[in-house]
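A.B. asks: First the structure, then my questions, so here it is.
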Amino acid sequence: MYSLGPIPSIRLKGSLNLPVSKSIANRLLILQALQGQALYPYDAAWSNDVKCLHQHLSHQSTEYDFKDAGTPLRLFLAYAAFKGIDGVILGSKRLSERPIKALLKSLEILGAEFEFLEQAYQLPLRVKKAVNRQATTTQIELHESSQFLSALLLIAPYFEHGLVINCIGQAVSSSYTKLTQQCLKSVAKIEPIKPEQIQVSARNLFADDLPKTIEADWSSATFVLAWAALSEQAEISLPNLSLSSAQGDAVIAQYMKAWGVHCADSPVGLKVFKTQGAAIESTLLHFDLTSTPDLFPVLLALCAVSQRQVVFSGLAHQIHKESNRLQAMLSNLAPYGLSYELSADAQTLKVTHGVNPNPLFQVKAFNDHRIIMACSVLAFIGQVQLDAIEDVSKSFPDFFDKIKTLY
């Protein structure tokens with residue numbers, strides 16, 4: 001157990017170095033491997049997800065264990081099918097339960113064959129046959145994960161004639177697909193043929209080198225901004241971060257204005273500030289998280305602590321994360337006064353009353369890094385006992401050490 005708080009509503013001040021964006025890093029590592037370029041030098045400060053993918057791209061093995069790393073797994077599956085990499089691909093029990101069938105089916109259309117060692121279309125598995133690089137067309141279902149389409153987009157330019165991808169169903173987390181296209185901009189041309197069809201050109205042989213550095217992680221910044229929102233005053237610098245980022249979670253900068261928090265670009269990164277007595281809106285908030293599902297835990301925790309009434313929509317994808325994030329957050333907050341109405345399809349949540357100050361909050365991580373970091377804001381209204389804080393190493397390894405430097 002790890003104890004935090006209670007934290008007085010004080011001034012937060014300082015500079016905090018965030019981890020590099022694991023979303024960008026994972027995509028660029030795959031592209032470096034496909035391009036035959038040297039990978040970024042290993043960095044001990046990386047999140048576990050980035051370390052995991054870097055390791056598996058750097059070393060041939062008889063076994064590739066992705067533990068709980070969902071994004072690296074999905075991107076690596078497409079890479080392994082393209083390259084014909086031999087070796088058992090496996091992961092934790094939770095990762096084995098998360099969906100990959102649609103991606104594997106799409107790769108099979110391209111000529112890949114897989115051996116399933118326990119259950120069909122689940123981990124563990126191995127690649128029996130690589131894709132046919134002369135293939136020109138495949139299809140992918142979008143409703144479970146944007147990572148399926150991202151995985152296909154990353155390998156698409158390396159087919160002999162490029163690739164046409166037919167997209168089926170309602171897209172989720174579309175901001176991450178846009179981020180993938182941004183990472184690919186120097187490698188290939190991507191354009192829609194029809195609303196449901198994407199054409200990716202063959203690789204540009206004269207493509208510029210991929211970025212030498214990776215920008216900081218907006219998803220990690222969300223927790224720092226939530227702390228700023230609950231403080232009386234804040235003056236925080238977040239180096240290597242920009243409002244113009246292609247990362248979808250950068251939209252949090254706009255959402256934070258409802259708590260009097262403002263962000264501005266500076267020569268060294270992002271400046272976050274809140275003045276004492278800043279005007280705070282009291283209207284009912286509404287967040288549609290269809291494109292940015294990772295914002296749900298931190299926004300719910302922030303609204304609960306600050307007693308903001310809020311409606312969340314676009315929550316269908318929460319069940320497919322490291323935990324069922326909807327149920328995880330509700331089980332952590334409801335015992336302390338959270339009142340809410342949940343739609344029958346679990347896609348819309350209305351919070352009518354937040355949590356009450358409490359001498360001791362006991363929080364379960366549910367093996368999910370974002371749950372434990374989101375619930376850290378409860379420390380503003382009481383002491384918090386957090387289990388399994390090591391889970392934060394998946395995305396923000398030293399979160400608790402760094403956040404303490406601000407107060």
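Residues in the structure tokens are numbered from 1 in each chain, the chains being A, B, ... in the order shown, and ligands are numbered from 1 in the order shown.
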Report as a ChimeraX atom specification all protein, DNA and RNA residues lying within 9 Å of Leu406 (chain A), evaluated on only C-alpha atoms, omitting residues in the same chain fewer than 2 positions from it.

C.D. replies: /A:11-16,236,402-404

A.B. asks: Excluding Leu77 (chain A) and its own-chain neighbours fewer than 5 positions away, which residues fall within 12 Å of it when counting only C-alpha atoms? Please give them as number ranges by chain.

C.D. replies: A: 30, 53, 56-57, 64-66, 70-72, 82-90, 100-108, 112-114, 121-127, 130-131, 147-148, 150-152, 154-155

A.B. asks: Based on the backbone DSSP call, show me all residues of region 246-363 of chain A assigned strand (DSSP E or B), as a ChimeraX atom specification.

C.D. replies: /A:262-266,269-274,285-288,310-313,339-342,349-353,360-363

A.B. asks: Which residues are close to Arg370 (chain A), i.e. within 9 Å by only C-alpha atoms, leaving aside same-chain residues fewer than 6 positions away? Reply as a list of chain:residue names.

C.D. replies: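 What passes the distance filter is A:Ser220, A:Phe223, A:Asp294, A:Leu295, A:Pro297, A:Val298, A:Glu322, A:Arg325, A:Asp391, A:Val392, A:Ser395.
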
A.B. asks: Suppose we keep N, CA and C atoms; can you now write the selection as a compact mmCIF listing (two decimals), in the first residue's frame?

C.D. replies:
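Result file is again_30.txt:
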```
# COMPACT_ATOMS: atom_id res chain seq x y z
N SER A 220 0.11 11.44 -20.20
CA SER A 220 0.68 11.58 -18.87
C SER A 220 0.43 12.98 -18.31
N PHE A 223 -2.76 13.98 -15.94
CA PHE A 223 -2.82 13.83 -14.48
C PHE A 223 -2.22 15.04 -13.78
N ASP A 294 -8.97 7.40 -23.22
CA ASP A 294 -8.04 7.36 -22.09
C ASP A 294 -8.24 8.52 -21.12
N LEU A 295 -9.00 9.53 -21.52
CA LEU A 295 -9.25 10.66 -20.63
C LEU A 295 -10.32 10.36 -19.59
N PRO A 297 -10.82 8.09 -16.99
CA PRO A 297 -10.56 7.96 -15.55
C PRO A 297 -10.19 9.27 -14.88
N VAL A 298 -9.30 10.05 -15.50
CA VAL A 298 -8.85 11.27 -14.84
C VAL A 298 -9.96 12.32 -14.81
N GLU A 322 -6.96 -1.90 -20.16
CA GLU A 322 -6.24 -2.77 -19.23
C GLU A 322 -7.16 -3.33 -18.16
N ARG A 325 -12.54 0.00 -17.36
CA ARG A 325 -12.29 1.26 -16.65
C ARG A 325 -13.56 1.89 -16.10
N ASP A 391 2.02 -0.24 -10.99
CA ASP A 391 1.33 -0.31 -12.28
C ASP A 391 1.58 0.94 -13.13
N VAL A 392 1.94 2.06 -12.49
CA VAL A 392 2.15 3.29 -13.26
C VAL A 392 3.36 3.17 -14.19
N SER A 395 3.20 3.50 -18.11
CA SER A 395 3.20 4.72 -18.90
C SER A 395 3.96 5.88 -18.26
```

A.B. asks: Using only C-alpha atoms, determine which residues lie at most 8 Å from Asn48 (chain A), disregarding the query and same-chain residues fewer than 6 positions distant; provide the list as a PDB file with C-alpha atoms, in the first residue's frame.

C.D. replies:
```
ATOM      1  CA  SER A 393       5.422   2.036 -14.809  1.00  0.00           C
ATOM      2  CA  LYS A 394       3.382   1.073 -17.864  1.00  0.00           C
ATOM      3  CA  SER A 395       3.203   4.721 -18.902  1.00  0.00           C
ATOM      4  CA  PRO A 397       7.180   5.155 -14.147  1.00  0.00           C
TER       5      PRO A 397
END
```

A.B. asks: Please indicate the distance in Å from CA of Leu270 (chain A) to CA of Asp249 (chain A), rounded to one decimal place.

C.D. replies: 14.2 Å

A.B. asks: Using only C-alpha atoms, which residue out of A:His317, A:Lys350, A:Lys185, A:His54 lies closest to His143 (chain A)?

C.D. replies: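 Using only C-alpha atoms, the shortest distance to His143 (chain A) belongs to A:His317.
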
A.B. asks: Write down as number ranges by chain the residues belonging to region 203-267 of chain A that are assigned alpha helix (DSSP H) by DSSP computed on the backbone.

C.D. replies: A: 218-230, 252-255

A.B. asks: Between CA of Gly111 (chain A) and CA of Gly169 (chain A), what is the distance in Å, rounded to a tenth?

C.D. replies: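 So the two atoms, CA of Gly111 (chain A) and CA of Gly169 (chain A), lie 22.9 Å apart.
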
A.B. asks: Report the distance between CA of Lys274 (chain A) and CA of Trp218 (chain A) in Å, rounded to one decimal place.

C.D. replies: 18.6 Å
